[in-house]
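Undergrad: Just so it is clear, I am handing over target-v7.cif, which has mmCIF, C-alpha atoms and all ligand atoms.
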```cif
data_upload
#
loop_
_atom_site.label_atom_id
_atom_site.label_comp_id
_atom_site.auth_asym_id
_atom_site.auth_seq_id
_atom_site.Cartn_x
_atom_site.Cartn_y
_atom_site.Cartn_z
CA MET Y 1091 -4.75 -22.72 -19.20
CA ASP Y 1092 -6.82 -25.96 -19.42
CA ASN Y 1093 -8.02 -25.82 -15.85
CA ALA Y 1094 -8.12 -22.05 -15.60
CA THR Y 1095 -11.31 -20.53 -14.27
CA ILE Y 1096 -12.73 -17.04 -14.51
CA ASN Y 1097 -11.62 -14.95 -11.55
CA LYS Y 1098 -14.48 -12.68 -10.59
CA THR Y 1099 -12.57 -11.08 -7.75
CA SER Y 1100 -9.79 -9.30 -9.68
CA VAL Y 1101 -9.88 -5.50 -9.87
CA LEU Y 1102 -10.09 -5.55 -13.66
CA TYR Y 1103 -12.87 -8.14 -13.76
CA LYS Y 1104 -14.93 -6.02 -11.38
CA MET Y 1105 -14.42 -2.98 -13.65
CA LEU Y 1106 -15.61 -5.01 -16.63
CA ASN Y 1107 -18.89 -6.88 -17.22
CA GLN Y 1108 -20.89 -3.79 -16.29
CA TYR Y 1109 -22.76 -3.36 -19.55
CA PRO Y 1110 -24.98 -5.66 -21.62
CA LEU Y 1111 -22.51 -5.45 -24.51
CA GLY Y 1112 -18.95 -4.36 -25.06
CA ASP Y 1113 -16.90 -5.49 -22.08
CA ASN Y 1114 -18.62 -8.76 -21.19
CA ILE Y 1115 -15.43 -10.81 -21.08
CA SER Y 1116 -17.02 -13.69 -19.20
CA GLU Y 1117 -18.96 -14.44 -22.39
CA CYS Y 1118 -15.80 -14.94 -24.47
CA LEU Y 1119 -16.05 -18.20 -26.45
CA THR Y 1120 -12.25 -18.41 -26.94
CA CYS Y 1121 -13.00 -18.84 -30.64
CA GLY Y 1122 -10.01 -16.76 -31.77
CA VAL Y 1123 -11.83 -14.79 -34.48
CA CYS Y 1124 -10.33 -11.67 -32.91
CA ASN Y 1125 -6.80 -12.99 -33.51
CA SER Y 1126 -7.55 -13.55 -37.17
CA ARG Y 1127 -8.69 -9.93 -37.58
CA CYS Y 1128 -5.78 -8.17 -35.88
CA THR Y 1129 -3.53 -6.96 -38.71
CA TRP Y 1130 -0.77 -5.99 -36.26
CA PHE Y 1131 -0.78 -9.52 -34.79
CA ASP Y 1132 -0.13 -10.78 -38.33
CA GLN Y 1133 3.05 -8.70 -38.46
CA GLU Y 1134 6.23 -9.12 -36.42
CA GLY Y 1135 4.97 -9.32 -32.84
CA GLY Y 1136 1.79 -7.49 -32.02
CA PRO Y 1137 -0.99 -8.10 -29.51
CA LEU Y 1138 -2.94 -11.34 -29.28
CA PRO Y 1139 -6.47 -10.13 -28.70
CA ARG Y 1140 -7.81 -13.45 -27.45
CA GLN Y 1141 -4.99 -13.65 -24.92
CA ILE Y 1142 -5.75 -10.13 -23.69
CA ILE Y 1143 -9.39 -11.12 -23.08
CA ARG Y 1144 -8.45 -14.41 -21.40
CA MET Y 1145 -5.91 -12.74 -19.11
CA ALA Y 1146 -8.56 -10.20 -18.09
CA ALA Y 1147 -11.09 -12.97 -17.44
CA LEU Y 1148 -8.66 -15.07 -15.43
CA GLY Y 1149 -7.72 -12.21 -13.14
CA LEU Y 1150 -4.15 -11.92 -14.41
CA ASP Y 1151 -4.21 -8.12 -14.03
CA GLU Y 1152 -0.56 -7.66 -13.21
CA GLN Y 1153 0.68 -9.95 -15.99
CA LEU Y 1154 -1.55 -8.15 -18.48
CA VAL Y 1155 -0.35 -4.71 -17.40
CA ASN Y 1156 3.24 -5.88 -17.68
CA SER Y 1157 2.80 -7.49 -21.09
CA ASN Y 1158 3.61 -5.42 -24.15
CA MET Y 1159 0.29 -6.45 -25.68
CA LEU Y 1160 -1.72 -4.01 -23.60
CA TRP Y 1161 0.41 -1.07 -24.71
CA ASP Y 1162 0.96 -2.23 -28.30
CA CYS Y 1163 -2.78 -2.48 -28.97
CA LEU Y 1164 -3.85 0.20 -31.46
CA ILE Y 1165 -7.38 0.28 -29.94
CA CYS Y 1166 -8.58 0.08 -33.54
CA ASN Y 1167 -11.38 -2.43 -32.75
CA ARG Y 1168 -10.85 -4.38 -35.96
CA CYS Y 1169 -10.86 -7.55 -33.83
CA THR Y 1170 -14.08 -6.40 -32.15
CA GLN Y 1171 -15.84 -6.12 -35.49
CA GLY Y 1172 -15.67 -9.91 -35.88
CA CYS Y 1173 -16.32 -10.94 -32.27
CA PRO Y 1174 -19.52 -13.03 -32.07
CA MET Y 1175 -20.07 -11.83 -28.49
CA GLY Y 1176 -19.52 -8.15 -29.26
CA ILE Y 1177 -16.63 -7.82 -26.85
CA SER Y 1178 -15.01 -4.42 -27.41
CA MET Y 1179 -11.23 -4.48 -27.26
CA ASP Y 1180 -11.29 -0.71 -26.86
CA LYS Y 1181 -13.21 -1.01 -23.58
CA VAL Y 1182 -11.15 -3.89 -22.20
CA VAL Y 1183 -7.75 -2.43 -23.10
CA ARG Y 1184 -8.55 1.07 -21.86
CA LYS Y 1185 -9.92 -0.24 -18.56
CA ALA Y 1186 -6.82 -2.40 -18.08
CA ARG Y 1187 -4.61 0.62 -18.86
CA SER Y 1188 -6.50 2.62 -16.23
CA LEU Y 1189 -5.57 0.26 -13.37
CA ALA Y 1190 -3.49 1.93 -10.67
CA ILE Y 1191 -0.74 -0.68 -11.17
CA ALA Y 1192 -0.45 0.49 -14.81
CA ASP Y 1193 0.55 4.05 -13.98
CA ASP Y 1194 4.29 3.73 -14.57
CA LYS Y 1195 3.71 1.96 -17.91
CA ILE Y 1196 2.01 4.97 -19.51
CA SER Y 1197 4.30 6.67 -22.03
CA ASN Y 1198 6.10 9.76 -20.72
CA ASP Y 1199 5.12 11.75 -23.78
CA ILE Y 1200 1.45 11.04 -23.14
CA LYS Y 1201 1.79 11.91 -19.46
CA ILE Y 1202 3.47 15.23 -20.32
CA GLY Y 1203 0.87 16.01 -23.00
CA ILE Y 1204 -1.99 15.42 -20.54
CA LYS Y 1205 -0.28 17.58 -17.89
CA ASN Y 1206 0.25 20.37 -20.44
CA ARG Y 1207 -3.37 20.16 -21.54
CA ILE Y 1208 -4.77 20.26 -18.01
CA GLU Y 1209 -2.43 22.98 -16.71
CA LEU Y 1210 -1.88 25.14 -19.80
CA GLY Y 1211 -4.79 24.18 -22.07
CA ASP Y 1212 -2.74 22.64 -24.88
CA VAL Y 1213 -0.79 19.36 -25.24
CA ASN Y 1214 2.13 21.24 -26.79
CA ALA Y 1215 2.10 23.81 -23.94
CA LEU Y 1216 1.12 26.63 -26.31
CA THR Y 1217 0.28 29.64 -24.14
CA LYS Y 1218 -2.68 31.95 -24.73
CA ASP Y 1219 -0.31 34.76 -25.78
CA GLU Y 1220 1.42 32.47 -28.26
CA PHE Y 1221 -1.96 31.40 -29.64
CA VAL Y 1222 -3.02 35.03 -30.19
CA GLU Y 1223 0.32 35.95 -31.75
CA THR Y 1224 0.19 32.98 -34.16
CA VAL Y 1225 -3.42 33.54 -35.23
CA GLU Y 1226 -2.97 37.29 -35.71
CA TRP Y 1227 0.16 36.76 -37.78
CA LEU Y 1228 -1.66 34.19 -39.94
CA SER Y 1229 -4.56 36.60 -40.21
CA GLU Y 1230 -2.33 39.22 -41.83
CA GLU Y 1231 -1.22 36.64 -44.43
CA PHE Y 1232 -4.83 35.59 -44.93
CA VAL Y 1233 -5.72 38.96 -46.48
CA ASP Y 1234 -3.57 38.06 -49.49
CA GLU Y 1235 -4.76 34.45 -49.52
CA VAL Y 1236 -8.38 35.49 -50.22
CA ASP Y 1237 -7.57 38.88 -51.78
CA ASP Y 1238 -9.82 40.74 -49.34
CA PRO Y 1239 -8.37 43.51 -47.12
CA LYS Y 1240 -11.18 42.98 -44.60
CA ALA Y 1241 -10.66 39.23 -44.27
CA ARG Y 1242 -9.54 37.97 -40.84
CA ILE Y 1243 -8.94 34.77 -38.94
CA PRO Y 1244 -11.10 35.76 -35.97
CA HIS Y 1245 -10.45 34.73 -32.40
CA ASP Y 1246 -12.27 35.09 -29.08
CA ILE Y 1247 -15.42 36.65 -30.51
CA LYS Y 1248 -18.62 36.02 -28.55
CA GLY Y 1249 -21.92 34.95 -30.09
CA THR Y 1250 -20.67 33.59 -33.42
CA LYS Y 1251 -22.49 30.75 -35.09
CA LEU Y 1252 -19.41 28.55 -35.49
CA LEU Y 1253 -16.39 27.85 -33.27
CA TYR Y 1254 -13.40 26.04 -34.80
CA LEU Y 1255 -11.46 23.68 -32.52
CA PRO Y 1256 -8.10 23.07 -34.19
CA ASN Y 1257 -5.65 20.24 -33.90
CA PRO Y 1258 -2.55 21.42 -31.94
CA ARG Y 1259 -0.46 20.70 -35.05
CA GLU Y 1260 -2.32 23.49 -36.87
CA LEU Y 1261 -0.85 25.98 -34.42
CA ALA Y 1262 2.65 24.53 -34.65
CA THR Y 1263 3.90 22.57 -37.66
CA SER Y 1264 0.81 22.66 -39.92
CA LEU Y 1265 -0.03 26.37 -40.12
CA LEU Y 1266 -0.96 25.98 -43.80
CA HIS Y 1267 -3.71 23.60 -42.78
CA LEU Y 1268 -5.19 26.21 -40.46
CA THR Y 1269 -5.13 28.83 -43.22
CA ALA Y 1270 -6.83 26.34 -45.54
CA MET Y 1271 -9.62 25.80 -42.98
CA ALA Y 1272 -9.98 29.59 -42.52
CA LYS Y 1273 -10.50 29.90 -46.28
CA LEU Y 1274 -13.39 27.44 -46.11
CA PHE Y 1275 -14.98 29.24 -43.13
CA TYR Y 1276 -14.59 32.55 -44.99
CA ALA Y 1277 -16.42 31.08 -47.98
CA THR Y 1278 -19.39 29.91 -45.87
CA LYS Y 1279 -20.07 33.63 -45.08
CA GLU Y 1280 -21.07 32.55 -41.54
CA THR Y 1281 -19.84 34.20 -38.35
CA TRP Y 1282 -17.07 32.08 -36.90
CA THR Y 1283 -14.25 32.29 -34.42
CA MET Y 1284 -11.35 30.49 -32.84
CA SER Y 1285 -10.67 30.82 -29.12
CA CYS Y 1286 -7.53 31.04 -27.00
CA ARG Y 1287 -9.31 28.60 -24.65
CA HIS Y 1288 -9.92 26.20 -27.52
CA THR Y 1289 -6.60 25.26 -29.02
CA ASP Y 1290 -6.85 21.51 -28.80
CA VAL Y 1291 -9.25 18.94 -30.33
CA THR Y 1292 -7.28 16.02 -28.85
CA ASN Y 1293 -8.00 14.07 -25.65
CA TRP Y 1294 -4.90 12.04 -24.81
CA ALA Y 1295 -6.45 10.82 -21.56
CA TYR Y 1296 -8.60 8.58 -23.77
CA PHE Y 1297 -5.49 6.48 -24.53
CA THR Y 1298 -4.88 5.91 -20.81
CA GLY Y 1299 -8.46 4.83 -20.05
CA ARG Y 1300 -8.66 7.37 -17.20
CA ASN Y 1301 -12.32 8.37 -17.28
CA ASP Y 1302 -11.92 11.25 -14.81
CA MET Y 1303 -9.19 12.88 -16.92
CA THR Y 1304 -11.04 12.17 -20.17
CA LYS Y 1305 -14.08 13.94 -18.75
CA LYS Y 1306 -12.03 16.86 -17.46
CA MET Y 1307 -10.43 17.37 -20.86
CA ALA Y 1308 -13.80 17.12 -22.64
CA LEU Y 1309 -15.28 19.72 -20.28
CA MET Y 1310 -12.33 22.01 -21.07
CA VAL Y 1311 -13.83 22.13 -24.55
CA VAL Y 1312 -17.53 22.10 -23.67
CA GLU Y 1313 -17.81 24.72 -20.92
CA PRO Y 1314 -15.93 27.61 -22.60
CA ALA Y 1315 -17.81 26.86 -25.85
CA GLU Y 1316 -21.09 27.18 -23.98
CA GLU Y 1317 -19.90 30.49 -22.48
CA LEU Y 1318 -19.18 31.79 -25.98
CA GLY Y 1319 -22.80 31.02 -26.92
CA ILE Y 1320 -22.00 29.27 -30.19
CA GLU Y 1321 -24.43 27.13 -32.19
CA THR Y 1322 -21.97 24.67 -33.65
CA LEU Y 1323 -18.58 23.38 -32.55
CA VAL Y 1324 -16.51 22.43 -35.59
CA LEU Y 1325 -13.86 19.81 -34.91
CA SER Y 1326 -10.62 19.77 -36.81
CA GLU Y 1327 -9.90 16.51 -38.59
CA CYS Y 1328 -8.97 14.21 -35.71
CA GLY Y 1329 -9.99 10.58 -35.21
CA HIS Y 1330 -10.03 10.23 -31.44
CA GLY Y 1331 -11.14 13.89 -31.13
CA TYR Y 1332 -14.22 13.00 -33.19
CA HIS Y 1333 -14.85 9.83 -31.17
CA THR Y 1334 -14.61 11.57 -27.78
CA LEU Y 1335 -16.14 14.97 -28.64
CA LYS Y 1336 -18.92 13.80 -30.91
CA TYR Y 1337 -19.69 10.08 -30.67
CA LEU Y 1338 -19.05 9.56 -26.92
CA LEU Y 1339 -19.47 13.11 -25.62
CA GLU Y 1340 -22.76 12.68 -23.76
CA ASP Y 1341 -21.50 9.47 -22.09
CA ILE Y 1342 -18.25 11.17 -21.11
CA ILE Y 1343 -19.70 14.37 -19.60
CA GLY Y 1344 -23.05 12.89 -18.50
CA ARG Y 1345 -25.26 15.43 -20.32
CA LYS Y 1346 -25.99 17.00 -23.68
CA PRO Y 1347 -23.70 19.90 -24.63
CA GLY Y 1348 -25.34 23.25 -25.36
CA PHE Y 1349 -24.33 23.16 -29.01
CA GLU Y 1350 -24.14 20.86 -32.02
CA VAL Y 1351 -20.85 19.14 -32.87
CA VAL Y 1352 -19.69 18.49 -36.44
CA SER Y 1353 -16.34 17.68 -38.01
CA MET Y 1354 -14.76 19.96 -40.59
CA PRO Y 1355 -15.54 17.57 -43.51
CA GLU Y 1356 -19.17 17.35 -42.30
CA LEU Y 1357 -19.42 21.15 -42.17
CA ILE Y 1358 -17.93 21.58 -45.64
CA LEU Y 1359 -20.30 18.97 -47.06
CA ARG Y 1360 -23.30 20.71 -45.45
CA TYR Y 1361 -22.46 24.05 -47.09
CA ALA Y 1362 -21.62 22.36 -50.38
CA GLN Y 1363 -25.01 20.63 -50.43
CA LYS Y 1364 -26.68 24.00 -49.80
CA GLY Y 1365 -24.81 25.38 -52.80
CA VAL Y 1366 -22.86 27.89 -50.68
CA LEU Y 1367 -19.47 26.22 -51.19
CA LYS Y 1368 -18.55 25.37 -54.76
CA PHE Y 1369 -15.59 23.35 -55.96
CA ASP Y 1370 -13.61 22.85 -59.12
CA PRO Y 1371 -12.72 19.13 -59.20
CA SER Y 1372 -10.36 19.68 -62.13
CA VAL Y 1373 -7.88 21.09 -59.57
CA HIS Y 1374 -7.29 17.43 -58.66
CA PRO Y 1375 -7.45 15.69 -62.06
CA TYR Y 1376 -6.86 12.20 -60.69
CA LYS Y 1377 -8.54 9.60 -58.51
CA ILE Y 1378 -7.82 9.66 -54.79
CA ALA Y 1379 -7.99 6.68 -52.41
CA TYR Y 1380 -9.72 7.19 -49.04
CA HIS Y 1381 -8.43 5.79 -45.74
CA ASP Y 1382 -11.07 5.35 -42.98
CA PRO Y 1383 -9.68 6.51 -39.61
CA CYS Y 1384 -10.70 3.75 -37.12
CA ASN Y 1385 -12.07 6.26 -34.60
CA ILE Y 1386 -14.24 8.04 -37.17
CA GLY Y 1387 -15.32 5.02 -39.25
CA ARG Y 1388 -15.50 1.72 -37.41
CA LYS Y 1389 -15.84 3.25 -33.91
CA SER Y 1390 -18.21 6.16 -34.69
CA GLY Y 1391 -19.95 5.24 -37.97
CA GLY Y 1392 -18.62 8.33 -39.80
CA TYR Y 1393 -18.08 6.66 -43.16
CA ASP Y 1394 -20.04 8.75 -45.63
CA ALA Y 1395 -19.34 12.49 -45.27
CA PRO Y 1396 -15.66 12.33 -46.31
CA ARG Y 1397 -16.55 10.07 -49.28
CA GLN Y 1398 -19.36 12.38 -50.43
CA LEU Y 1399 -17.06 15.36 -50.16
CA LEU Y 1400 -14.33 13.58 -52.06
CA SER Y 1401 -16.72 12.97 -54.95
CA MET Y 1402 -17.09 16.78 -55.30
CA ILE Y 1403 -13.44 17.83 -55.16
CA CYS Y 1404 -11.54 15.43 -57.44
CA GLU Y 1405 -12.05 12.99 -60.30
CA GLY Y 1406 -13.49 10.53 -57.78
CA GLY Y 1407 -12.69 8.55 -54.66
CA VAL Y 1408 -11.31 5.03 -54.74
CA GLU Y 1409 -11.84 2.45 -52.00
CA LEU Y 1410 -8.95 0.66 -50.38
CA THR Y 1411 -9.52 -3.09 -50.00
CA PRO Y 1412 -10.80 -3.85 -47.37
CA ASN Y 1413 -12.55 -0.65 -46.26
CA ARG Y 1414 -15.23 0.85 -43.98
CA GLU Y 1415 -15.86 -1.48 -40.97
CA ASP Y 1416 -13.09 -3.82 -42.16
CA SER Y 1417 -10.63 -1.00 -42.75
CA VAL Y 1418 -7.01 -1.54 -41.70
CA CYS Y 1419 -5.60 0.83 -39.05
CA CYS Y 1420 -2.90 3.25 -40.22
CA GLY Y 1421 -0.74 1.75 -37.46
CA GLY Y 1422 -0.55 4.85 -35.28
CA GLY Y 1423 -3.64 4.35 -33.09
CA GLY Y 1424 -4.03 3.72 -29.37
CA GLY Y 1425 -1.59 6.47 -28.41
CA MET Y 1426 1.30 5.03 -30.44
CA LEU Y 1427 1.64 8.13 -32.60
CA GLN Y 1428 1.77 10.32 -29.50
CA ASP Y 1429 4.71 8.30 -28.10
CA SER Y 1430 7.96 9.48 -29.71
CA THR Y 1431 9.72 6.19 -28.93
CA THR Y 1432 7.57 4.20 -31.38
CA THR Y 1433 8.74 5.56 -34.74
CA MET Y 1434 10.30 2.29 -35.97
CA LYS Y 1435 7.56 0.15 -34.44
CA ARG Y 1436 4.94 2.20 -36.28
CA MET Y 1437 6.53 1.24 -39.59
CA ILE Y 1438 5.75 -2.39 -38.69
CA THR Y 1439 2.25 -1.72 -37.34
CA GLY Y 1440 1.57 0.28 -40.50
CA LYS Y 1441 2.94 -2.26 -42.98
CA PRO Y 1442 -0.49 -3.76 -43.85
CA LYS Y 1443 -1.73 -0.22 -44.55
CA ALA Y 1444 1.33 0.52 -46.70
CA ASN Y 1445 0.65 -2.66 -48.70
CA GLN Y 1446 -2.97 -1.61 -49.17
CA MET Y 1447 -1.95 1.83 -50.37
CA LYS Y 1448 0.58 0.41 -52.81
CA ALA Y 1449 -2.02 -1.99 -54.24
CA THR Y 1450 -4.19 0.92 -55.41
CA GLY Y 1451 -1.53 1.94 -57.93
CA LEU Y 1452 -2.58 5.55 -57.28
CA SER Y 1453 -0.43 8.57 -56.58
CA HIS Y 1454 -2.82 10.26 -54.10
CA LEU Y 1455 -4.52 9.24 -50.88
CA THR Y 1456 -6.64 11.14 -48.40
CA THR Y 1457 -8.07 10.74 -44.92
CA ALA Y 1458 -10.11 12.74 -42.39
CA CYS Y 1459 -7.68 12.68 -39.45
CA LEU Y 1460 -4.46 14.65 -39.01
CA SER Y 1461 -2.93 11.83 -36.92
CA CYS Y 1462 -3.60 9.24 -39.65
CA HIS Y 1463 -2.31 11.84 -42.12
CA ARG Y 1464 1.02 12.03 -40.31
CA GLN Y 1465 1.39 8.26 -39.95
CA LEU Y 1466 0.41 7.61 -43.59
CA GLY Y 1467 2.90 10.24 -44.77
CA GLU Y 1468 5.67 8.58 -42.75
CA LEU Y 1469 4.71 5.18 -44.20
CA CYS Y 1470 4.94 6.64 -47.72
CA ASP Y 1471 8.46 7.87 -47.00
CA HIS Y 1472 9.60 4.68 -45.26
CA TYR Y 1473 8.21 2.27 -47.88
CA LYS Y 1474 8.98 4.66 -50.78
CA LEU Y 1475 5.39 4.49 -52.00
CA GLY Y 1476 5.47 7.70 -54.05
CA ILE Y 1477 1.98 8.58 -52.78
CA GLN Y 1478 0.98 12.07 -51.70
CA VAL Y 1479 -1.29 12.22 -48.63
CA ASN Y 1480 -3.56 15.16 -47.77
CA THR Y 1481 -6.63 15.48 -45.58
CA VAL Y 1482 -10.07 15.70 -47.20
CA ALA Y 1483 -10.72 19.19 -45.82
CA TYR Y 1484 -7.36 20.43 -47.11
CA LEU Y 1485 -8.13 19.07 -50.59
CA ALA Y 1486 -11.54 20.78 -50.42
CA SER Y 1487 -9.82 24.07 -49.69
CA GLU Y 1488 -7.56 23.62 -52.71
CA SER Y 1489 -10.59 23.00 -54.96
CA LEU Y 1490 -12.68 25.80 -53.48
CA ILE Y 1491 -14.02 28.42 -55.89
CA LEU Y 1492 -14.04 31.81 -54.13
S1 LIG L 1501 -13.64 -13.11 -31.01
FE1 LIG L 1501 -14.70 -12.54 -29.08
S2 LIG L 1501 -15.50 -14.48 -28.32
FE2 LIG L 1501 -13.92 -15.02 -29.84
S3 LIG L 1501 -11.99 -15.22 -28.64
FE3 LIG L 1501 -12.08 -13.11 -29.37
S4 LIG L 1501 -13.04 -11.97 -27.67
FE4 LIG L 1501 -13.49 -14.19 -27.32
S1 LIG L 1502 -7.87 -3.39 -31.19
FE1 LIG L 1502 -6.71 -3.52 -33.12
S2 LIG L 1502 -4.54 -3.71 -32.52
FE2 LIG L 1502 -5.78 -4.10 -30.67
S3 LIG L 1502 -5.94 -6.34 -30.63
FE3 LIG L 1502 -7.77 -5.56 -31.72
S4 LIG L 1502 -7.24 -5.56 -33.90
FE4 LIG L 1502 -5.32 -5.79 -32.72
#
```
Produce structure tokens that represent the structure in this file.
TA:
Amino acid sequence: MDNATINKTSVLYKMLNQYPLGDNISECLTCGVCNSRCTWFDQEGGPLPRQIIRMAALGLDEQLVNSNMLWDCLICNRCTQGCPMGISMDKVVRKARSLAIADDKISNDIKIGIKNRIELGDVNALTKDEFVETVEWLSEEFVDEVDDPKARIPHDIKGTKLLYLPNPRELATSLLHLTAMAKLFYATKETWTMSCRHTDVTNWAYFTGRNDMTKKMALMVVEPAEELGIETLVLSECGHGYHTLKYLLEDIIGRKPGFEVVSMPELILRYAQKGVLKFDPSVHPYKIAYHDPCNIGRKSGGYDAPRQLLSMICEGGVELTPNREDSVCCGGGGGMLQDSTTTMKRMITGKPKANQMKATGLSHLTTACLSCHRQLGELCDHYKLGIQVNTVAYLASESLIL
């Protein structure tokens, strides 16, 4: 590439270099700091961030789309954190993935999930009737859970203060998580509801870089929430859900939403600080390590709320090394966890995280994202770490004093 020159005529180049910071690939110094910060590159295979940037700058669109690097990238932005020119790998990779020539490279699972979400309202194709049936059945069990015959898991009620937007897993394989969140809402004594039009905190279009689809899926959350007249939308624990529905929301939909957005750990912390929610930390008589989800921490600045909450619900939180902006991805980012063909690959992408977890010597770890939670749990099994993983909000529910 000695004599290579920047190709300002390629489709990708024209899509990039539109902002003062973030996707200014023509300013790349070729220093290679990004390579040194990619933990997946250090493993067997993995993307070469500098090469991705150089291919984009040189107009090698087709070669980039056809290279595994573009699709193996976890969009974790750990490389970006060290880039002296502030070039965001997230922006470059997602724009490259959005090229028309990339269409047949998008994972089938992600394509089906997006279609289900757009046509049926839920990535898992859960119908409105199935949603109602599941929530009403859980509601009957909930009476015993809180020992209150009047207790309910409400759905489709207009004019409540809070609306809970669950992760699809909470309506399928993680029903206990949904009940745990209901217990916390119950204890706030606020009016709250779920909605058959709000079954899904995820936005899989984000992984494809398709801005039109990303916006459409965000509006599927925003517009019905505005019709319900809520004050606060409460997001289930989801990394890219938090990034797209809180941190980037105004950019994505081009306006302010008619409500405030908070994550479940942020909501719990708020009511704990007011003295409404009280916890018994002796329920978890051990220290718990905290994993920063890339989309909540490094990409959205949401470092503190989960840590503050953790300090109230157990013997104390422990930092992984490194942490916060230097945190290591769980290995399931960038759409990899949503692609069922990557199970073995994710054990390689997650190996640095498994090593970090093992180094704590602890038996418990927590995080604020249900996707990270699943990947970390699978790493524990695969590497026989003997570590139990739960989300922060779930642990808060276990420590809650009713
Ligand atoms: S760290 Fe930034 S400037 Fe250096 S090679 Fe990577 S993208 Fe280019
Ligand atoms: S975003 Fe993450 S996985 Fe992708 S190249 Fe950068 S450090 Fe590696």
Undergrad: What residues have any atom no more than 8 Å from ligand LIG 1501 (chain L) when counting all atoms listed in the file, and can you list them as a PDB file with C-alpha atoms, in the coordinates of the input?
TA:
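What ended up in out-v4.pdb:
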```pdb
ATOM      1  CA  ILE Y1115     -15.430 -10.810 -21.080  1.00  0.00           C
ATOM      2  CA  GLU Y1117     -18.960 -14.440 -22.390  1.00  0.00           C
ATOM      3  CA  CYS Y1118     -15.800 -14.940 -24.470  1.00  0.00           C
ATOM      4  CA  LEU Y1119     -16.050 -18.200 -26.450  1.00  0.00           C
ATOM      5  CA  THR Y1120     -12.250 -18.410 -26.940  1.00  0.00           C
ATOM      6  CA  CYS Y1121     -13.000 -18.840 -30.640  1.00  0.00           C
ATOM      7  CA  GLY Y1122     -10.010 -16.760 -31.770  1.00  0.00           C
ATOM      8  CA  VAL Y1123     -11.830 -14.790 -34.480  1.00  0.00           C
ATOM      9  CA  CYS Y1124     -10.330 -11.670 -32.910  1.00  0.00           C
ATOM     10  CA  ASN Y1125      -6.800 -12.990 -33.510  1.00  0.00           C
ATOM     11  CA  PRO Y1139      -6.470 -10.130 -28.700  1.00  0.00           C
ATOM     12  CA  ARG Y1140      -7.810 -13.450 -27.450  1.00  0.00           C
ATOM     13  CA  ILE Y1143      -9.390 -11.120 -23.080  1.00  0.00           C
ATOM     14  CA  ARG Y1144      -8.450 -14.410 -21.400  1.00  0.00           C
ATOM     15  CA  CYS Y1169     -10.860  -7.550 -33.830  1.00  0.00           C
ATOM     16  CA  THR Y1170     -14.080  -6.400 -32.150  1.00  0.00           C
ATOM     17  CA  GLY Y1172     -15.670  -9.910 -35.880  1.00  0.00           C
ATOM     18  CA  CYS Y1173     -16.320 -10.940 -32.270  1.00  0.00           C
ATOM     19  CA  PRO Y1174     -19.520 -13.030 -32.070  1.00  0.00           C
ATOM     20  CA  MET Y1175     -20.070 -11.830 -28.490  1.00  0.00           C
ATOM     21  CA  GLY Y1176     -19.520  -8.150 -29.260  1.00  0.00           C
ATOM     22  CA  ILE Y1177     -16.630  -7.820 -26.850  1.00  0.00           C
ATOM     23  CA  SER Y1178     -15.010  -4.420 -27.410  1.00  0.00           C
ATOM     24  CA  MET Y1179     -11.230  -4.480 -27.260  1.00  0.00           C
TER      25      MET Y1179
END
```
Undergrad: Hey, which of Y:Ile1358, Y:Leu1261, Y:Ala1458, Y:Leu1252 ends up closest to Trp1227 (chain Y)? Count only C-alpha atoms.
TA: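 Smallest distance to Trp1227 (chain Y) is found for Y:Leu1261.
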Undergrad: List the neighbours of Ala1295 (chain Y) out to 8 Å using only C-alpha atoms; skip same-chain residues closer than 6 positions along the sequence, and give me the result as JSON, numbers by chain.
TA: {"Y": [1204, 1301, 1303, 1304, 1307]}
Undergrad: With all atoms listed in the file as the atoms that count, which of Y:His1374, Y:Arg1360, Y:Lys1201, Y:His1463 lies nearest to Ser1264 (chain Y)?
TA: Y:His1463
Undergrad: From the set Y:Tyr1361, Y:Phe1297, Y:Phe1221, Y:Tyr1276, which residue has the shortest atom-to-atom contact distance to Val1233 (chain Y), counting only C-alpha atoms?
TA: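 Looking only at the distances to Val1233 (chain Y), the closest residue turns out to be Y:Tyr1276.
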Undergrad: Check which residues fall inside 7 Å of ligand LIG 1502 (chain L) when counting only C-alpha atoms and all ligand atoms, and print them as a list of chain:residue names.
TA: Y:Cys1124, Y:Arg1127, Y:Cys1128, Y:Thr1129, Y:Trp1130, Y:Phe1131, Y:Pro1137, Y:Leu1138, Y:Pro1139, Y:Cys1163, Y:Leu1164, Y:Ile1165, Y:Cys1166, Y:Asn1167, Y:Arg1168, Y:Cys1169, Y:Thr1170, Y:Met1179, Y:Asp1180
Undergrad: Calculate how many Å separate CA of Lys1346 (chain Y) from CA of Lys1306 (chain Y), rounding to one decimal.
TA: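 Here the two named atoms are 15.3 Å from each other.
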Undergrad: For CA of Asn1257 (chain Y) and CA of Asn1206 (chain Y), quote the distance in Å rounded to one decimal.
TA: 14.7 Å
Undergrad: Per residue of region 1282-1352 of chain Y within 12 Å of region 1481-1490 of chain Y, what are the shortest atom pair and its distance in Å to one decimal, counting all atoms listed in the file, with rows by chain and residue number, as JSON lines?
TA:
```
{"residue": "Y:Leu1325", "atom": "CA", "partner": "Y:Ala1483", "partner_atom": "CA", "distance": 11.4}
{"residue": "Y:Ser1326", "atom": "CA", "partner": "Y:Ala1483", "partner_atom": "CA", "distance": 9.0}
{"residue": "Y:Glu1327", "atom": "CA", "partner": "Y:Ala1483", "partner_atom": "CA", "distance": 7.8}
{"residue": "Y:Cys1328", "atom": "CA", "partner": "Y:Thr1481", "partner_atom": "CA", "distance": 10.2}
{"residue": "Y:Gly1329", "atom": "CA", "partner": "Y:Thr1481", "partner_atom": "CA", "distance": 12.0}
```
